[in-house]
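**Student:** The structure file structure-v8.tsv (TSV, C-alpha atoms and all ligand atoms) is provided below.
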chain	number	residue	atom	x	y	z
O	1	MET	CA	131.74	164.24	321.88
O	2	LYS	CA	130.31	167.72	321.41
O	3	ASN	CA	130.78	169.67	324.60
O	4	ILE	CA	134.29	170.23	325.89
O	5	ALA	CA	135.32	172.00	329.10
O	6	VAL	CA	138.83	173.38	329.49
O	7	ILE	CA	140.11	174.17	332.99
O	8	GLY	CA	142.68	176.97	333.02
O	9	SER	CA	142.95	179.77	330.47
O	10	GLY	CA	146.72	180.32	330.44
O	11	THR	CA	148.95	179.63	327.43
O	12	MET	CA	148.05	175.94	327.12
O	13	GLY	CA	144.41	176.28	328.18
O	14	ASN	CA	143.62	179.05	325.72
O	15	GLY	CA	145.41	177.18	322.94
O	16	ILE	CA	143.41	174.02	323.69
O	17	ALA	CA	140.12	175.98	323.81
O	18	HIS	CA	141.05	177.74	320.55
O	19	THR	CA	141.74	174.43	318.80
O	20	PHE	CA	138.56	172.62	319.90
O	21	ALA	CA	136.43	175.70	319.09
O	22	GLN	CA	138.04	176.05	315.66
O	23	PHE	CA	137.01	172.48	314.85
O	24	GLY	CA	133.37	173.14	315.78
O	25	TYR	CA	133.22	171.92	319.39
O	26	GLN	CA	131.33	173.90	322.04
O	27	VAL	CA	133.94	174.91	324.59
O	28	ASN	CA	133.38	176.03	328.17
O	29	LEU	CA	136.56	177.82	329.24
O	30	ILE	CA	136.94	177.88	333.02
O	31	ASP	CA	139.25	179.99	335.17
O	32	VAL	CA	139.13	181.56	338.61
O	33	ASN	CA	138.32	185.10	337.50
O	34	ASN	CA	136.97	187.10	334.58
O	35	GLU	CA	140.22	189.06	334.09
O	36	ALA	CA	142.09	185.83	333.23
O	37	LEU	CA	139.27	184.75	330.91
O	38	ASP	CA	139.16	188.13	329.16
O	39	ARG	CA	142.93	187.97	328.61
O	40	ALA	CA	142.56	184.45	327.19
O	41	ILE	CA	139.83	185.46	324.73
O	42	SER	CA	141.94	188.42	323.60
O	43	THR	CA	144.94	186.06	323.05
O	44	ILE	CA	142.77	183.60	321.12
O	45	GLY	CA	141.51	186.50	318.96
O	46	LYS	CA	145.11	187.56	318.17
O	47	ASN	CA	146.17	183.99	317.36
O	48	LEU	CA	143.13	183.58	315.09
O	49	ASP	CA	144.16	186.83	313.37
O	50	ARG	CA	147.55	185.24	312.58
O	51	GLN	CA	145.72	182.38	310.90
O	52	VAL	CA	143.47	184.79	308.97
O	53	THR	CA	146.54	186.76	307.83
O	54	LYS	CA	148.17	183.52	306.68
O	55	GLY	CA	144.99	182.63	304.78
O	56	THR	CA	144.55	179.30	306.61
O	57	ILE	CA	141.17	180.41	308.02
O	58	THR	CA	138.63	183.10	307.06
O	59	GLU	CA	137.15	185.98	309.10
O	60	THR	CA	133.95	183.88	309.33
O	61	ASP	CA	135.94	180.93	310.75
O	62	LYS	CA	137.43	183.32	313.29
O	63	ALA	CA	133.99	184.65	314.32
O	64	ASN	CA	132.57	181.10	314.57
O	65	THR	CA	135.53	179.94	316.66
O	66	LEU	CA	135.06	182.77	319.14
O	67	LYS	CA	131.29	182.12	319.22
O	68	ASN	CA	131.95	178.50	320.23
O	69	ILE	CA	133.69	179.57	323.47
O	70	THR	CA	131.77	180.42	326.66
O	71	ASN	CA	133.52	181.62	329.81
O	72	PHE	CA	132.88	180.28	333.32
O	73	THR	CA	134.39	181.04	336.72
O	74	GLN	CA	132.77	178.10	338.56
O	75	ILE	CA	133.91	174.52	337.86
O	76	ALA	CA	130.53	173.05	338.80
O	77	GLU	CA	128.67	175.10	336.18
O	78	GLY	CA	131.37	174.91	333.52
O	79	VAL	CA	131.68	171.11	333.48
O	80	ALA	CA	128.01	170.17	333.96
O	81	ASN	CA	127.27	169.42	330.29
O	82	ALA	CA	130.81	168.40	329.22
O	83	ASP	CA	131.53	165.09	327.47
O	84	LEU	CA	135.28	165.67	327.88
O	85	ILE	CA	137.12	167.90	330.32
O	86	VAL	CA	140.72	168.90	329.62
O	87	GLU	CA	142.50	170.23	332.69
O	88	ALA	CA	145.30	172.69	331.87
O	89	ALA	CA	145.89	174.33	335.26
O	90	THR	CA	149.28	175.19	336.75
O	91	GLU	CA	151.70	172.25	336.95
O	92	ASN	CA	151.16	171.60	340.67
O	93	LEU	CA	150.24	168.17	342.04
O	94	GLU	CA	148.06	169.35	344.96
O	95	LEU	CA	146.12	171.74	342.71
O	96	LYS	CA	145.52	169.04	340.09
O	97	LEU	CA	144.36	166.53	342.72
O	98	LYS	CA	141.89	169.06	344.07
O	99	ILE	CA	140.58	169.88	340.58
O	100	PHE	CA	140.13	166.18	339.71
O	101	LYS	CA	138.22	165.54	342.95
O	102	ASP	CA	135.90	168.40	341.97
O	103	LEU	CA	135.61	167.12	338.40
O	104	ASP	CA	134.66	163.68	339.66
O	105	THR	CA	131.90	165.29	341.75
O	106	TYR	CA	130.49	167.70	339.17
O	107	ALA	CA	131.05	166.09	335.76
O	108	LYS	CA	128.58	163.64	334.20
O	109	PRO	CA	129.44	160.05	335.25
O	110	GLU	CA	130.23	159.14	331.64
O	111	ALA	CA	132.49	162.19	331.03
O	112	ILE	CA	136.16	161.62	330.25
O	113	LEU	CA	138.59	163.55	332.48
O	114	ALA	CA	141.83	164.43	330.71
O	115	SER	CA	144.89	166.26	331.99
O	116	ASN	CA	147.28	168.30	329.86
O	117	THR	CA	149.98	167.70	332.49
O	118	SER	CA	153.49	167.71	331.11
O	119	SER	CA	154.84	165.21	333.64
O	120	ILE	CA	152.60	164.53	336.64
O	121	SER	CA	151.47	160.90	336.94
O	122	ILE	CA	148.08	160.24	335.34
O	123	THR	CA	147.73	157.21	337.62
O	124	LYS	CA	148.14	159.44	340.68
O	125	ILE	CA	145.64	161.99	339.34
O	126	ALA	CA	143.15	159.19	338.54
O	127	SER	CA	143.50	157.76	342.06
O	128	VAL	CA	141.50	160.65	343.60
O	129	THR	CA	138.54	159.95	341.30
O	130	SER	CA	136.03	157.11	341.23
O	131	ARG	CA	136.49	156.67	337.46
O	132	GLY	CA	140.13	155.74	336.87
O	133	ASP	CA	139.14	154.05	333.61
O	134	LYS	CA	138.00	157.44	332.26
O	135	VAL	CA	141.07	159.46	333.29
O	136	ILE	CA	143.77	160.01	330.67
O	137	GLY	CA	146.59	162.36	329.67
O	138	MET	CA	146.02	164.60	326.66
O	139	HIS	CA	149.31	166.45	326.38
O	140	PHE	CA	149.22	169.20	323.76
O	141	MET	CA	152.34	171.09	322.69
O	142	ASN	CA	152.82	174.86	322.69
O	143	PRO	CA	151.67	176.67	320.54
O	144	VAL	CA	148.67	174.36	320.52
O	145	PRO	CA	146.98	175.62	317.31
O	146	VAL	CA	150.25	175.01	315.41
O	147	MET	CA	151.90	171.88	316.85
O	148	LYS	CA	150.67	168.57	315.43
O	149	LEU	CA	151.41	166.26	318.37
O	150	VAL	CA	149.06	165.13	321.12
O	151	GLU	CA	150.83	162.77	323.54
O	152	VAL	CA	148.01	160.52	324.79
O	153	ILE	CA	149.01	159.06	328.15
O	154	ARG	CA	147.40	155.92	329.50
O	155	GLY	CA	147.33	155.73	333.29
O	156	TYR	CA	147.43	152.33	334.97
O	157	ALA	CA	143.63	152.11	335.00
O	158	THR	CA	142.79	153.95	331.74
O	159	SER	CA	140.49	151.79	329.61
O	160	ASP	CA	140.98	150.84	325.97
O	161	GLU	CA	137.67	152.57	325.22
O	162	THR	CA	138.75	155.90	326.75
O	163	THR	CA	142.08	155.71	324.92
O	164	ALA	CA	140.37	154.99	321.59
O	165	ILE	CA	137.94	157.91	322.04
O	166	VAL	CA	140.74	160.37	322.85
O	167	MET	CA	142.97	159.13	319.98
O	168	ASP	CA	140.05	159.52	317.57
O	169	LEU	CA	139.11	162.95	318.91
O	170	SER	CA	142.71	164.19	318.53
O	171	THR	CA	142.62	163.14	314.88
O	172	LYS	CA	139.41	165.14	314.43
O	173	LEU	CA	141.37	168.21	315.61
O	174	SER	CA	143.78	167.51	312.74
O	175	LYS	CA	146.46	166.45	315.25
O	176	ALA	CA	148.68	163.39	315.28
O	177	PRO	CA	148.06	161.49	318.55
O	178	VAL	CA	150.72	159.15	319.93
O	179	GLU	CA	149.84	156.64	322.67
O	180	VAL	CA	152.34	156.31	325.52
O	181	ASN	CA	152.38	154.80	329.01
O	182	ASP	CA	152.46	156.61	332.34
O	183	TYR	CA	156.08	156.91	333.50
O	184	PRO	CA	157.83	160.11	334.65
O	185	GLY	CA	158.00	162.69	331.85
O	186	PHE	CA	156.14	160.29	329.51
O	187	VAL	CA	158.09	160.43	326.21
O	188	ALA	CA	158.16	164.11	325.17
O	189	ASN	CA	159.65	165.57	328.31
O	190	ARG	CA	161.79	162.56	329.22
O	191	ILE	CA	163.74	163.29	326.05
O	192	LEU	CA	163.32	167.08	325.72
O	193	MET	CA	164.14	168.16	329.29
O	194	PRO	CA	167.54	166.40	329.59
O	195	MET	CA	168.52	168.17	326.34
O	196	ILE	CA	167.44	171.55	327.73
O	197	ASN	CA	169.17	170.82	331.07
O	198	GLU	CA	172.37	169.86	329.22
O	199	ALA	CA	172.21	173.13	327.26
O	200	ILE	CA	171.93	175.02	330.58
O	201	TYR	CA	174.92	173.06	331.98
O	202	THR	CA	176.84	173.95	328.81
O	203	LEU	CA	176.18	177.64	329.55
O	204	TYR	CA	176.86	177.20	333.31
O	205	GLU	CA	180.25	175.64	332.56
O	206	SER	CA	181.07	178.52	330.15
O	207	VAL	CA	181.53	176.21	327.20
O	208	ALA	CA	179.69	178.79	325.07
O	209	GLY	CA	177.27	181.73	325.35
O	210	VAL	CA	173.47	181.68	325.07
O	211	GLU	CA	173.29	182.62	321.40
O	212	GLU	CA	176.16	180.32	320.44
O	213	ILE	CA	174.48	177.30	322.10
O	214	ASP	CA	171.15	178.06	320.44
O	215	THR	CA	172.74	178.68	317.05
O	216	VAL	CA	174.56	175.33	317.16
O	217	MET	CA	171.30	173.49	317.78
O	218	LYS	CA	169.21	175.57	315.34
O	219	LEU	CA	171.58	175.46	312.39
O	220	GLY	CA	173.32	172.20	313.24
O	221	MET	CA	170.27	170.09	314.09
O	222	ALA	CA	167.53	172.03	312.27
O	223	HIS	CA	165.59	172.70	315.48
O	224	PRO	CA	163.12	175.59	315.02
O	225	MET	CA	164.32	177.14	318.30
O	226	GLY	CA	167.54	176.62	320.23
O	227	PRO	CA	167.17	174.80	323.59
O	228	LEU	CA	167.64	177.94	325.70
O	229	GLN	CA	165.10	179.94	323.69
O	230	LEU	CA	162.74	176.96	323.90
O	231	ALA	CA	163.24	176.78	327.68
O	232	ASP	CA	162.27	180.47	327.93
O	233	PHE	CA	159.24	179.78	325.72
O	234	ILE	CA	158.09	176.80	327.83
O	235	GLY	CA	158.80	178.66	331.10
O	236	LEU	CA	161.88	178.03	333.23
O	237	ASP	CA	159.70	177.21	336.25
O	238	VAL	CA	157.90	174.56	334.18
O	239	CYS	CA	161.24	173.10	332.99
O	240	LEU	CA	162.46	172.95	336.60
O	241	ALA	CA	159.24	171.30	337.79
O	242	ILE	CA	159.49	168.64	335.06
O	243	LEU	CA	163.17	167.93	335.79
O	244	ASN	CA	162.27	167.50	339.47
O	245	VAL	CA	159.57	164.97	338.51
O	246	LEU	CA	162.12	163.04	336.40
O	247	HIS	CA	164.76	163.24	339.16
O	248	ASP	CA	162.36	162.12	341.92
O	249	GLY	CA	160.61	159.55	339.73
O	250	PHE	CA	163.72	157.73	338.50
O	251	GLY	CA	166.09	158.58	341.37
O	252	ASN	CA	168.83	159.03	338.81
O	253	PRO	CA	171.32	161.94	339.17
O	254	LYS	CA	171.38	162.42	335.40
O	255	TYR	CA	168.08	164.30	335.72
O	256	ALA	CA	169.27	166.69	338.49
O	257	PRO	CA	168.38	170.25	337.42
O	258	CYS	CA	171.36	172.50	336.69
O	259	PRO	CA	172.03	174.89	339.64
O	260	LEU	CA	171.83	177.82	337.19
O	261	LEU	CA	168.23	176.88	336.31
O	262	VAL	CA	167.36	176.60	340.01
O	263	ASN	CA	168.89	180.03	340.70
O	264	MET	CA	167.13	181.70	337.78
O	265	VAL	CA	163.72	180.38	338.83
O	266	THR	CA	164.35	181.32	342.47
O	267	ALA	CA	165.19	184.86	341.32
O	268	GLY	CA	161.90	185.06	339.40
O	269	ASN	CA	163.46	184.79	335.91
O	270	LYS	CA	160.98	182.42	334.31
O	271	GLY	CA	161.53	183.19	330.63
O	272	VAL	CA	159.10	184.89	328.24
O	273	LYS	CA	156.25	185.13	330.78
O	274	SER	CA	158.34	187.07	333.34
O	275	GLY	CA	160.12	189.22	330.73
O	276	GLU	CA	163.55	187.74	331.55
O	277	GLY	CA	165.16	184.34	331.10
O	278	PHE	CA	168.15	183.40	328.99
O	279	TYR	CA	166.99	186.29	326.76
O	280	ASN	CA	165.38	189.60	327.66
O	281	TYR	CA	161.76	190.14	326.56
O	282	ALA	CA	161.05	193.52	328.19
E	301	LIG	N1	148.40	180.35	317.26
E	301	LIG	C1	148.19	180.22	315.95
E	301	LIG	N2	149.19	180.26	315.04
E	301	LIG	C2	150.45	180.50	315.48
E	301	LIG	C3	150.72	180.67	316.85
E	301	LIG	C4	149.63	180.58	317.76
E	301	LIG	N3	149.81	180.70	319.08
E	301	LIG	N4	152.06	180.87	316.99
E	301	LIG	C5	152.60	180.81	315.75
E	301	LIG	N5	151.62	180.57	314.84
E	301	LIG	C6	151.78	180.30	313.42
E	301	LIG	C7	152.09	181.43	312.50
E	301	LIG	O1	150.92	181.99	311.97
E	301	LIG	C8	152.89	180.70	311.39
E	301	LIG	O2	152.02	180.01	310.49
E	301	LIG	P1	152.53	179.31	309.12
E	301	LIG	O3	153.35	178.12	309.48
E	301	LIG	O4	151.25	178.91	308.44
E	301	LIG	O5	153.34	180.34	308.42
E	301	LIG	C9	153.66	179.70	312.12
E	301	LIG	O6	152.94	179.46	313.33
E	301	LIG	C10	155.05	180.16	312.39
E	301	LIG	O7	154.99	181.35	313.16
E	301	LIG	P2	156.07	182.52	313.12
E	301	LIG	O8	156.48	182.81	311.70
E	301	LIG	O9	155.59	183.66	313.94
E	301	LIG	O10	157.29	181.99	313.92
E	301	LIG	P3	158.20	180.78	313.64
E	301	LIG	O11	158.30	180.40	312.22
E	301	LIG	O12	159.45	181.12	314.37
E	301	LIG	O13	157.47	179.57	314.41
E	301	LIG	C11	157.00	178.32	316.32
E	301	LIG	C12	157.04	179.70	315.72
E	301	LIG	C13	155.89	177.50	315.66
E	301	LIG	C14	156.68	178.51	317.79
E	301	LIG	C15	158.38	177.61	316.08
E	301	LIG	O14	159.43	178.42	316.54
E	301	LIG	C16	158.48	176.27	316.76
E	301	LIG	O15	158.02	175.28	316.27
E	301	LIG	N6	159.15	176.26	317.94
E	301	LIG	C17	159.29	175.06	318.75
E	301	LIG	C18	158.01	174.83	319.48
E	301	LIG	C19	158.10	173.62	320.35
E	301	LIG	O16	159.09	172.89	320.41
E	301	LIG	N7	157.01	173.41	321.07
E	301	LIG	C20	156.95	172.33	322.05
E	301	LIG	C21	157.36	172.86	323.36
E	301	LIG	S1	157.28	171.61	324.58
E	301	LIG	C22	155.69	171.63	325.09
E	301	LIG	O17	154.87	172.42	324.69
E	301	LIG	C23	155.29	170.59	326.02
E	301	LIG	C24	155.80	170.60	327.39
E	301	LIG	O18	155.31	169.79	328.15
E	301	LIG	C25	156.88	171.46	327.90
What does this structure look like when you write it as structure tokens?
Ligand code: CAA
**Tutor:**
Amino acid sequence: MKNIAVIGSGTMGNGIAHTFAQFGYQVNLIDVNNEALDRAISTIGKNLDRQVTKGTITETDKANTLKNITNFTQIAEGVANADLIVEAATENLELKLKIFKDLDTYAKPEAILASNTSSISITKIASVTSRGDKVIGMHFMNPVPVMKLVEVIRGYATSDETTAIVMDLSTKLSKAPVEVNDYPGFVANRILMPMINEAIYTLYESVAGVEEIDTVMKLGMAHPMGPLQLADFIGLDVCLAILNVLHDGFGNPKYAPCPLLVNMVTAGNKGVKSGEGFYNYA
């Protein structure tokens, strides 16, 4: 494993590219246009600066990391030499199925195709390829350069060999991989999203205000962020999409998204990325 391609240069994609490049891998970062790629490289530069300021990496490490990343706007070119492709596009089933069909066409036959999906079925994604044994979930957490976990999701057809390679690779990135099976929300979001949804219901039912709810969970449970701040950080649209996957996948009303969350997303309040969520970021 030397050459990695990352599809999508948004928050997760640029964090994944940053992390692989920092650990010496050659990364092809792929997005639909150069503006998105330029923004991603600028974000990676700023996040590397944080690490330099903290003294965890040097200016030379920063320069080498940036040198290891090459931008592409065409999937076919960007994945041609890749040993592993990590897809981190928008959380949309149709889009991911289209990307994986393309990856199956353009990637080397032996390449592993991973998705950073937070809840879409790996088995379903693998079903549009001719290499289900080489399709796997590699779910990084935000902010990727900081968070230790990689949730490694085995689809129905994922082979032991593919799983072993991805577990080993995650360790080489100084992460802690955890192997889980492919059911709605996997483990991380099956547990996290009901907590966030319950926090939103607590607000919706006027049990307490935004800051009070977050303070209870931060100081009472030692969470680094309260659930409403975390929801803003993840993206309220992403939280809603994951809750819908849990609700549809299990058919259990306990996963039904709070009407307040639905209204906020419908109104365009998506959290940090839109400037407004439970908190104001303007
Ligand atoms: N890149 C590199 N370094 C970063 C960074 C980034 N993007 N963001 C923060 N950092 C570093 C800082 O340099 C700092 O380093 P040290 O620990 O060495 O001091 C450290 O992270 C802490 O940063 P800050 O002091 O700015 O802020 P903080 O102490 O409040 O921590 C946080 C920020 C790490 C984000 C912390 O609030 C946290 O852990 N929050 C919870 C994050 C979380 O739960 N993530 C998972 C979300 S769920 C998900 O991603 C999956 C999904 O499917 C929805």
**Student:** Given all atoms listed in the file, how would the per-residue table for range 169-249 of chain O near range 156-161 of chain O read, listing every residue at most 12 Å away with its closest atom pair and distance in Å to one decimal, sorted by chain and number, as a tab-separated table?
**Tutor:**
residue	atom	partner	partner_atom	distance
O:Glu179	CA	O:Asp160	CA	11.1
O:Val180	CA	O:Tyr156	CA	11.4
O:Asn181	CA	O:Tyr156	CA	8.1
O:Asp182	CA	O:Tyr156	CA	7.1
O:Tyr183	CA	O:Tyr156	CA	9.9
**Student:** Would you list the residues that come within 8 Å of ligand LIG 301 (chain E)? Count all atoms listed in the file and give the answer as a short mmCIF file (atom, residue, chain, number, x, y, z; two decimals) with C-alpha atoms, in the coordinates of the input.
**Tutor:**
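Contents of part.cif, freshly written:
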data_model
loop_
_atom_site.label_atom_id
_atom_site.label_comp_id
_atom_site.auth_asym_id
_atom_site.auth_seq_id
_atom_site.Cartn_x
_atom_site.Cartn_y
_atom_site.Cartn_z
CA GLY O 15 145.41 177.18 322.94
CA ILE O 44 142.77 183.60 321.12
CA LYS O 46 145.11 187.56 318.17
CA ASN O 47 146.17 183.99 317.36
CA LEU O 48 143.13 183.58 315.09
CA ARG O 50 147.55 185.24 312.58
CA GLN O 51 145.72 182.38 310.90
CA THR O 53 146.54 186.76 307.83
CA LYS O 54 148.17 183.52 306.68
CA THR O 56 144.55 179.30 306.61
CA THR O 117 149.98 167.70 332.49
CA SER O 118 153.49 167.71 331.11
CA SER O 119 154.84 165.21 333.64
CA HIS O 139 149.31 166.45 326.38
CA PHE O 140 149.22 169.20 323.76
CA MET O 141 152.34 171.09 322.69
CA ASN O 142 152.82 174.86 322.69
CA PRO O 143 151.67 176.67 320.54
CA VAL O 144 148.67 174.36 320.52
CA PRO O 145 146.98 175.62 317.31
CA VAL O 146 150.25 175.01 315.41
CA MET O 147 151.90 171.88 316.85
CA ALA O 188 158.16 164.11 325.17
CA ASN O 189 159.65 165.57 328.31
CA LEU O 192 163.32 167.08 325.72
CA HIS O 223 165.59 172.70 315.48
CA PRO O 224 163.12 175.59 315.02
CA MET O 225 164.32 177.14 318.30
CA LEU O 230 162.74 176.96 323.90
CA PHE O 233 159.24 179.78 325.72
CA ILE O 234 158.09 176.80 327.83
CA VAL O 238 157.90 174.56 334.18
CA CYS O 239 161.24 173.10 332.99
#
**Student:** Provide the CA of Glu35 in chain O to CA of Ala89 in chain O distance in Å, to one decimal place.
**Tutor:**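 Calculated distance between CA of Glu35 in chain O and CA of Ala89 in chain O is 15.8 Å.
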**Student:** Between CA of Gly271 in chain O and CA of Val86 in chain O, what is the spacing in Å?
**Tutor:** 25.3 Å
**Student:** Can you sort out the box for range 9-28 of chain O, edges along x, y and z, all listed atoms in, 3 Å on every side, with centre and edge lengths in Å to one decimal, as JSON?
**Tutor:**
{"center_x": 140.1, "center_y": 176.1, "center_z": 322.7, "size_x": 23.6, "size_y": 14.4, "size_z": 21.6}
**Student:** At what distance in Å, to one decimal, does CA of Val150 in chain O lie from CA of Ala176 in chain O?
**Tutor:**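 Answer for the CA of Ala176 in chain O to CA of Val150 in chain O separation: 6.1 Å.
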**Student:** Show which residues sit within 10 Å of range 23-25 of chain O, as a ChimeraX atom specification. Count only C-alpha atoms, and ignore same-chain residues fewer than 3 positions away.
**Tutor:** /O:1-5,17-20,28,61,64-65,67-69,172-174
**Student:** Find the residues near Asp83 in chain O: any atom within 12 Å, counting all atoms listed in the file, skip ones fewer than 5 places away on the same chain, and give them as a list in words.
**Tutor:** Met1, Lys2, Asn3, Ile4, Ala5, Val6, Tyr25, Gln26, Val27, Asn28, Gly78, Leu103, Ala107, Lys108, Pro109, Glu110, Ala111, Ile112, Leu113, Ala114, Lys134, Thr162, Ile165, Val166 and Leu169 of chain O
**Student:** Contacts of Pro184 in chain O at 7 Å or less, counting only C-alpha atoms, minus same-chain residues fewer than 2 places along, as a PyMOL selection string?
**Tutor:** chain O and resi 119+121+182+186+245-246+249
**Student:** Based on the selection just made, write C-alpha atoms of those residues as a PDB file, keeping the file's coordinate frame.
**Tutor:**
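Saved result, result15.pdb, follows:
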ATOM      1  CA  SER O 119     154.840 165.210 333.640  1.00  0.00           C
ATOM      2  CA  SER O 121     151.470 160.900 336.940  1.00  0.00           C
ATOM      3  CA  ASP O 182     152.460 156.610 332.340  1.00  0.00           C
ATOM      4  CA  PHE O 186     156.140 160.290 329.510  1.00  0.00           C
ATOM      5  CA  VAL O 245     159.570 164.970 338.510  1.00  0.00           C
ATOM      6  CA  LEU O 246     162.120 163.040 336.400  1.00  0.00           C
ATOM      7  CA  GLY O 249     160.610 159.550 339.730  1.00  0.00           C
TER       8      GLY O 249
END
**Student:** Would you please work out which residue, of O:Val262, O:Leu236, O:Leu97, O:Ile242, is nearest to Phe278 in chain O when using all atoms listed in the file?
**Tutor:**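 Smallest separation from Phe278 in chain O among the options: O:Leu236.
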**Student:** Looking at all atoms listed in the file, which of O:Val178, O:Gln22, O:Asn81, O:Leu37 is the one that sits closest to Glu59 in chain O?
**Tutor:**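 Under the stated criterion, the closest residue is O:Gln22.
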